[in-house]
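Single-structure report; data block below.
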Protein chains: 2
Amino acid sequence: MAEPARRGVPEATVGRLPGYLRALGQAAERGTPSISSEELAGLAGVRSTQLRKDLSHLGSYGVRGVGYDVAQLSAQIARELGLTQDWPVVIVGLGNLGRALAAYRGFATRGFRVVALVDEDPALVGTAIEGLTVRTLDQLASAGPRVAIGVITTPARSAQQVADRLVAMGVRSILNFAPCLLSVPDGVEVRRVDMATELQILAFHEQRRSLADDHAEETAG
Amino acid sequence: MAEPARRGVPEATVGRLPGYLRALGQAAERGTPSISSEELAGLAGVRSTQLRKDLSHLGSYGVRGVGYDVAQLSAQIARELGLTQDWPVVIVGLGNLGRALAAYRGFATRGFRVVALVDEDPALVGTAIEGLTVRTLDQLASAGPRVAIGVITTPARSAQQVADRLVAMGVRSILNFAPCLLSVPDGVEVRRVDMATELQILAFHEQRRSLADDHAEETAG
DNA sequence: GCGACTTTGTGCCTGCGTTCACAAAGTCGT
DNA sequence: ACGACTTTGTGAACGCAGGCACAAAGTCGC
């Protein structure tokens, strides 16, 4: 009953695992040794049936009539996500956002370590930020530590060539904050984070509600 | 043929509209007056059939045999997303990330305007950042401008009470950068942006590939 | 003016994700 | 030890999103 269908964790489930891990952290702080799917789902913002089905995809570690052992399930999910090791991260582009991410302590908490900072601005190269010396991409490629994950916080016009360089260095996971599409070879995964997009989606619903309100006033008045 | 099913734009489609808008901007820079679904889809990173189906949900503005008028389609999508007006935005929490967002010029480009900055740190309140005077939530609630969208960049422990205050002020759209779940009343929409989550998803796939590589070596060696 | 060609818009089908209903399995009180 | 109760794990149904095939509609050459 330990590992049923390990090779088939649905993408939607993977997307929720980090949330479960965070919720388990909250539960652990409260000191409760075990937790029911109902309660954990509440902390994670999903339905309990969804939580149980998600967990079933990575081998059931629950006890019927009791629930899940917080520490054990936490470790299991962390292992599944590959957080038992520290992934070396490089941040490319040290504008406001890049510097904010470099200073972000949440990285180090578990699973990730910023091992290099890159920028092409000659005024920045060689200076130290957050205890790391800023290098160029060339320097990183020739004499830098191995990196597994690249975070791109450059302007959009530079993002594609940065991505190409990272891929050439063997990076297969990219987190892209630049508002543009990156084209990469098969086997390289790109995730985009774009606040402009998020705001526009919010604006869509906001406008929708405004229109609904206007209509309500109209019919009422 | 102008407005068929306006009230039923699927959520997945809404999520792609900002990408189409950006792609249209690129096309406009090149000066081409019209563009085919095939080419536009390429710029946006989707299939052409998907693009056409998405656009069909907001009333067809294409010309068969020719394509879409770039300026007209751009205006149409902007209108659909509610970007013809400027939405007033407040940023709550002026740590590294909050300051980076406050300085981010991408906001102002279209549709959004940062009209207030909020922090509870007495050392910050009253000072000016990016031309705006930092206030407390109390000050904003009693004498601030109306805001439609709240951006939360506080630590996780403060996020919920900030959200409560924003909702009490009438904010119905929240963009949450804090790594926690927000509980809000019906009718309020929250979107979360969390780099830790994104990194963990990348780590999952990275580990998956590593395991696959190891297995390949093992069978090869 | 007409026919060949291009490109859009859409009905249908397939696959995935979510929810429901229920059986399996374990705990706790007596 | 046994029965009532709690909670998990999962098969089945349902709904949504994506892709294919094709008809509709317009342009361009002659």
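Residue numbering restarts at 1 in every chain; chains get A, B, ... in the order shown in the structure tokens, and ligands count up from 1 in that same order.
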Q) How would you write, as a ChimeraX atom specification, the set of residues in region 31-215 of chain B that DSSP gives as strand (DSSP E or B)? A) /B:34-35,62-63,67-69,87-92,112-118,128-129,132-135,149-152,173-176,189-192
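Those residues that approach DT10 (chain C) to within 12 Å, counting only C-alpha atoms (C1' of nucleotides), are Thr49, Gln50, Arg52, Lys53, Asp54, Leu55, Ser56, His57 and Ser60 of chain B; DT8 and DC12 of chain C; DC20, DA21, DC22, DA23 and DA24 of chain D; same-chain residues fewer than 2 positions away are not listed.
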Take the residues just selected and output them with N, CA, C and O atoms (P, O5', C5', C4', C3', O3' and C1' of nucleotides) as a CSV table (one decimal), in the first residue's frame.
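Saved result, selection31.csv, follows:
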chain,number,residue,atom,x,y,z
B,49,THR,N,-6.1,27.1,-33.2
B,49,THR,CA,-7.5,26.8,-33.0
B,49,THR,C,-8.0,27.3,-31.6
B,49,THR,O,-9.1,27.8,-31.4
B,50,GLN,N,-7.1,27.2,-30.6
B,50,GLN,CA,-7.4,27.7,-29.3
B,50,GLN,C,-7.6,29.2,-29.3
B,50,GLN,O,-8.6,29.7,-28.7
B,52,ARG,N,-8.6,31.1,-31.8
B,52,ARG,CA,-9.8,31.4,-32.5
B,52,ARG,C,-11.0,31.1,-31.6
B,52,ARG,O,-12.0,31.9,-31.6
B,53,LYS,N,-11.0,30.0,-30.9
B,53,LYS,CA,-12.1,29.7,-30.1
B,53,LYS,C,-12.2,30.7,-28.9
B,53,LYS,O,-13.3,31.1,-28.6
B,54,ASP,N,-11.1,31.1,-28.4
B,54,ASP,CA,-11.1,32.1,-27.3
B,54,ASP,C,-11.7,33.4,-27.8
B,54,ASP,O,-12.6,34.0,-27.2
B,55,LEU,N,-11.3,33.8,-29.0
B,55,LEU,CA,-11.8,35.1,-29.5
B,55,LEU,C,-13.2,35.0,-29.9
B,55,LEU,O,-14.0,36.0,-29.8
B,56,SER,N,-13.7,33.8,-30.3
B,56,SER,CA,-15.1,33.6,-30.6
B,56,SER,C,-16.0,33.9,-29.4
B,56,SER,O,-17.1,34.2,-29.6
B,57,HIS,N,-15.4,33.7,-28.2
B,57,HIS,CA,-16.2,33.9,-27.0
B,57,HIS,C,-16.5,35.4,-26.8
B,57,HIS,O,-17.4,35.7,-26.0
B,60,SER,N,-16.8,37.7,-32.7
B,60,SER,CA,-15.8,37.6,-33.8
B,60,SER,C,-15.5,39.0,-34.4
B,60,SER,O,-16.4,39.6,-34.9
C,8,DT,P,-7.3,33.4,-39.4
C,8,DT,O5',-8.8,33.6,-39.1
C,8,DT,C5',-9.6,34.7,-39.5
C,8,DT,C4',-11.0,34.4,-39.6
C,8,DT,C3',-11.7,34.0,-38.2
C,8,DT,O3',-12.9,34.7,-38.1
C,8,DT,C1',-12.1,32.3,-39.8
C,12,DC,P,-23.0,18.8,-33.3
C,12,DC,O5',-21.6,18.0,-33.1
C,12,DC,C5',-21.0,17.4,-34.3
C,12,DC,C4',-19.8,16.7,-33.8
C,12,DC,C3',-20.0,15.7,-32.7
C,12,DC,O3',-19.4,14.4,-33.0
C,12,DC,C1',-18.1,17.2,-32.2
D,20,DC,P,-5.1,18.4,-33.2
D,20,DC,O5',-6.4,17.9,-34.0
D,20,DC,C5',-7.1,16.8,-33.5
D,20,DC,C4',-8.3,16.5,-34.4
D,20,DC,C3',-8.1,16.8,-35.9
D,20,DC,O3',-8.7,15.8,-36.7
D,20,DC,C1',-9.9,18.1,-35.1
D,21,DA,P,-8.4,15.7,-38.3
D,21,DA,O5',-9.8,16.0,-38.9
D,21,DA,C5',-11.0,15.6,-38.2
D,21,DA,C4',-12.2,16.2,-38.8
D,21,DA,C3',-12.1,16.5,-40.3
D,21,DA,O3',-13.4,16.2,-40.9
D,21,DA,C1',-12.5,18.5,-39.2
D,22,DC,P,-13.5,16.2,-42.5
D,22,DC,O5',-14.5,17.4,-42.7
D,22,DC,C5',-15.6,17.6,-41.8
D,22,DC,C4',-16.1,19.0,-41.9
D,22,DC,C3',-16.2,19.6,-43.3
D,22,DC,O3',-17.4,20.2,-43.6
D,22,DC,C1',-15.2,21.1,-41.9
D,23,DA,P,-18.1,20.1,-45.0
D,23,DA,O5',-19.2,21.3,-44.9
D,23,DA,C5',-20.0,21.5,-43.7
D,23,DA,C4',-20.1,22.9,-43.3
D,23,DA,C3',-20.5,23.9,-44.5
D,23,DA,O3',-21.4,24.8,-43.9
D,23,DA,C1',-18.4,24.6,-43.5
D,24,DA,P,-22.1,25.8,-45.0
D,24,DA,O5',-21.6,27.2,-44.5
D,24,DA,C5',-21.5,27.6,-43.2
D,24,DA,C4',-20.8,29.0,-43.0
D,24,DA,C3',-21.2,30.0,-44.1
D,24,DA,O3',-21.3,31.3,-43.5
D,24,DA,C1',-18.9,29.6,-44.1
Q | Residue list (helix (DSSP H, G or I), DSSP) for region 3-103 of chain A, as a ChimeraX atom specification | A | /A:11-29,37-44,48-56,70-81,96-103
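With only C-alpha atoms as the basis for measurement, B:Leu17 is the residue among B:Leu17, B:Ala159, B:Val63, B:Val184 that approaches chain A most closely.
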Q) Could you pull the residues within 10 Å of DC28 (chain C), counting only C-alpha atoms (C1' of nucleotides), minus those fewer than 2 positions along the same chain, as a list in words? A) DT30 of chain C; DA4, DC5 and DT6 of chain D
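Residue-level contacts from chain C to chain A at 7 Å, counting only C-alpha atoms (C1' of nucleotides), read DA25, DG26 and DT27 of chain C.
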Once you have the residues from the selection above, write them out as a PDB file, in the first residue's frame, restricted to N, CA and C atoms (P, O5', C5', C4', C3', O3' and C1' of nucleotides).
ATOM      1  P    DA C  25      -9.922  -3.702   3.633  1.00  0.00           P
ATOM      2  O5'  DA C  25      -9.527  -2.782   4.859  1.00  0.00           O
ATOM      3  C5'  DA C  25      -9.033  -1.469   4.613  1.00  0.00           C
ATOM      4  C4'  DA C  25      -8.890  -0.725   5.919  1.00  0.00           C
ATOM      5  C3'  DA C  25      -8.574  -1.623   7.121  1.00  0.00           C
ATOM      6  O3'  DA C  25      -7.625  -0.973   7.934  1.00  0.00           O
ATOM      7  C1'  DA C  25     -10.452  -0.326   7.587  1.00  0.00           C
ATOM      8  P    DG C  26      -6.551  -1.844   8.757  1.00  0.00           P
ATOM      9  O5'  DG C  26      -6.403  -1.086  10.134  1.00  0.00           O
ATOM     10  C5'  DG C  26      -6.104   0.306  10.114  1.00  0.00           C
ATOM     11  C4'  DG C  26      -7.033   1.057  11.024  1.00  0.00           C
ATOM     12  C3'  DG C  26      -7.008   0.609  12.488  1.00  0.00           C
ATOM     13  O3'  DG C  26      -6.268   1.520  13.268  1.00  0.00           O
ATOM     14  C1'  DG C  26      -9.208   1.142  11.734  1.00  0.00           C
ATOM     15  P    DT C  27      -6.110   1.201  14.918  1.00  0.00           P
ATOM     16  O5'  DT C  27      -7.219   2.160  15.535  1.00  0.00           O
ATOM     17  C5'  DT C  27      -7.285   3.535  15.156  1.00  0.00           C
ATOM     18  C4'  DT C  27      -8.369   4.241  15.955  1.00  0.00           C
ATOM     19  C3'  DT C  27      -8.256   4.072  17.466  1.00  0.00           C
ATOM     20  O3'  DT C  27      -8.617   5.281  18.110  1.00  0.00           O
ATOM     21  C1'  DT C  27     -10.340   3.217  16.717  1.00  0.00           C
TER      22       DT C  27
END
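Any residue of chain A with an atom within 6 Å of chain B counts; using only C-alpha atoms, that gives Pro18, Leu81, Gly82, Asn96, Leu97, Ala100, Thr197, Ala203, Phe204 and Gln207 of chain A.
In this structure, CA of Leu73 (chain B) sits 25.7 Å away from CA of Pro155 (chain A).
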Q: Name the residues in contact with Met169 (chain A) at a cut-off of 12 Å, using only C-alpha atoms (C1' of nucleotides), excluding same-chain residues fewer than 2 positions from it; report them as number ranges by chain.
A: A: 90, 137-150, 162-167, 171-173, 188
Pull N, CA and C atoms from the residues just selected and write them as a JSON list (two decimals), in the first residue's frame.
[["chain", "number", "residue", "atom", "x", "y", "z"],
["A", 90, "VAL", "N", 20.02, 30.46, -9.57],
["A", 90, "VAL", "CA", 20.67, 31.70, -9.99],
["A", 90, "VAL", "C", 19.59, 32.73, -10.33],
["A", 137, "LEU", "N", 26.88, 36.66, -17.15],
["A", 137, "LEU", "CA", 26.52, 35.32, -17.58],
["A", 137, "LEU", "C", 27.75, 34.56, -18.06],
["A", 138, "ASP", "N", 28.65, 35.28, -18.75],
["A", 138, "ASP", "CA", 29.88, 34.64, -19.22],
["A", 138, "ASP", "C", 30.67, 34.06, -18.06],
["A", 139, "GLN", "N", 30.84, 34.87, -17.02],
["A", 139, "GLN", "CA", 31.59, 34.42, -15.85],
["A", 139, "GLN", "C", 30.93, 33.21, -15.21],
["A", 140, "LEU", "N", 29.61, 33.26, -15.13],
["A", 140, "LEU", "CA", 28.90, 32.14, -14.51],
["A", 140, "LEU", "C", 29.08, 30.86, -15.34],
["A", 141, "ALA", "N", 29.00, 31.02, -16.65],
["A", 141, "ALA", "CA", 29.10, 29.86, -17.52],
["A", 141, "ALA", "C", 30.49, 29.23, -17.45],
["A", 142, "SER", "N", 31.51, 30.07, -17.35],
["A", 142, "SER", "CA", 32.87, 29.53, -17.41],
["A", 142, "SER", "C", 33.38, 29.05, -16.06],
["A", 143, "ALA", "N", 33.00, 29.74, -14.99],
["A", 143, "ALA", "CA", 33.61, 29.40, -13.71],
["A", 143, "ALA", "C", 32.64, 29.41, -12.53],
["A", 144, "GLY", "N", 31.36, 29.31, -12.81],
["A", 144, "GLY", "CA", 30.41, 29.39, -11.71],
["A", 144, "GLY", "C", 30.04, 28.03, -11.17],
["A", 145, "PRO", "N", 29.31, 28.02, -10.08],
["A", 145, "PRO", "CA", 28.80, 26.76, -9.55],
["A", 145, "PRO", "C", 27.70, 26.23, -10.46],
["A", 146, "ARG", "N", 27.42, 24.94, -10.34],
["A", 146, "ARG", "CA", 26.32, 24.37, -11.10],
["A", 146, "ARG", "C", 25.01, 24.96, -10.58],
["A", 147, "VAL", "N", 24.13, 25.32, -11.49],
["A", 147, "VAL", "CA", 22.80, 25.77, -11.07],
["A", 147, "VAL", "C", 21.75, 24.90, -11.73],
["A", 148, "ALA", "N", 20.67, 24.64, -10.99],
["A", 148, "ALA", "CA", 19.60, 23.79, -11.52],
["A", 148, "ALA", "C", 18.41, 24.63, -11.97],
["A", 149, "ILE", "N", 18.20, 25.74, -11.30],
["A", 149, "ILE", "CA", 17.03, 26.56, -11.56],
["A", 149, "ILE", "C", 17.45, 27.99, -11.82],
["A", 150, "GLY", "N", 16.97, 28.55, -12.92],
["A", 150, "GLY", "CA", 17.26, 29.93, -13.25],
["A", 150, "GLY", "C", 16.04, 30.81, -13.06],
["A", 162, "VAL", "N", 18.84, 35.51, -22.35],
["A", 162, "VAL", "CA", 19.24, 34.97, -21.05],
["A", 162, "VAL", "C", 18.80, 33.51, -20.94],
["A", 163, "ALA", "N", 17.58, 33.25, -21.35],
["A", 163, "ALA", "CA", 17.08, 31.88, -21.30],
["A", 163, "ALA", "C", 17.95, 30.96, -22.16],
["A", 164, "ASP", "N", 18.30, 31.43, -23.36],
["A", 164, "ASP", "CA", 19.14, 30.61, -24.24],
["A", 164, "ASP", "C", 20.47, 30.27, -23.56],
["A", 165, "ARG", "N", 21.06, 31.27, -22.93],
["A", 165, "ARG", "CA", 22.34, 31.05, -22.25],
["A", 165, "ARG", "C", 22.19, 30.06, -21.10],
["A", 166, "LEU", "N", 21.13, 30.23, -20.33],
["A", 166, "LEU", "CA", 20.90, 29.32, -19.20],
["A", 166, "LEU", "C", 20.73, 27.89, -19.70],
["A", 167, "VAL", "N", 19.93, 27.73, -20.75],
["A", 167, "VAL", "CA", 19.71, 26.40, -21.30],
["A", 167, "VAL", "C", 21.03, 25.80, -21.77],
["A", 171, "VAL", "N", 20.70, 24.38, -17.60],
["A", 171, "VAL", "CA", 19.53, 24.65, -16.76],
["A", 171, "VAL", "C", 18.27, 24.14, -17.47],
["A", 172, "ARG", "N", 17.49, 23.39, -16.74],
["A", 172, "ARG", "CA", 16.28, 22.83, -17.35],
["A", 172, "ARG", "C", 15.00, 23.32, -16.68],
["A", 173, "SER", "N", 15.14, 24.19, -15.69],
["A", 173, "SER", "CA", 13.98, 24.77, -15.02],
["A", 173, "SER", "C", 14.15, 26.27, -14.92],
["A", 188, "VAL", "N", 12.94, 21.37, -21.26],
["A", 188, "VAL", "CA", 13.15, 22.51, -20.37],
["A", 188, "VAL", "C", 11.78, 23.06, -19.97]]
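For chain D, the residues within 8 Å of chain A are D:DT6, D:DT7, D:DT8, D:DG9, with only C-alpha atoms (C1' of nucleotides) used to measure distance.
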Q | Contact residues around Asp121 (chain A) with only C-alpha atoms (C1' of nucleotides) at 12 Å, ignoring same-chain residues under 3 positions, as number ranges by chain | A | A: 92-95, 118, 124-127, 134-137, 154
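Here C1' of DG18 (chain D) is placed at a distance of 10.5 Å from C1' of DC13 (chain C).
The space separating CA of Ala168 (chain B) from CA of His215 (chain A) comes to 23.1 Å.
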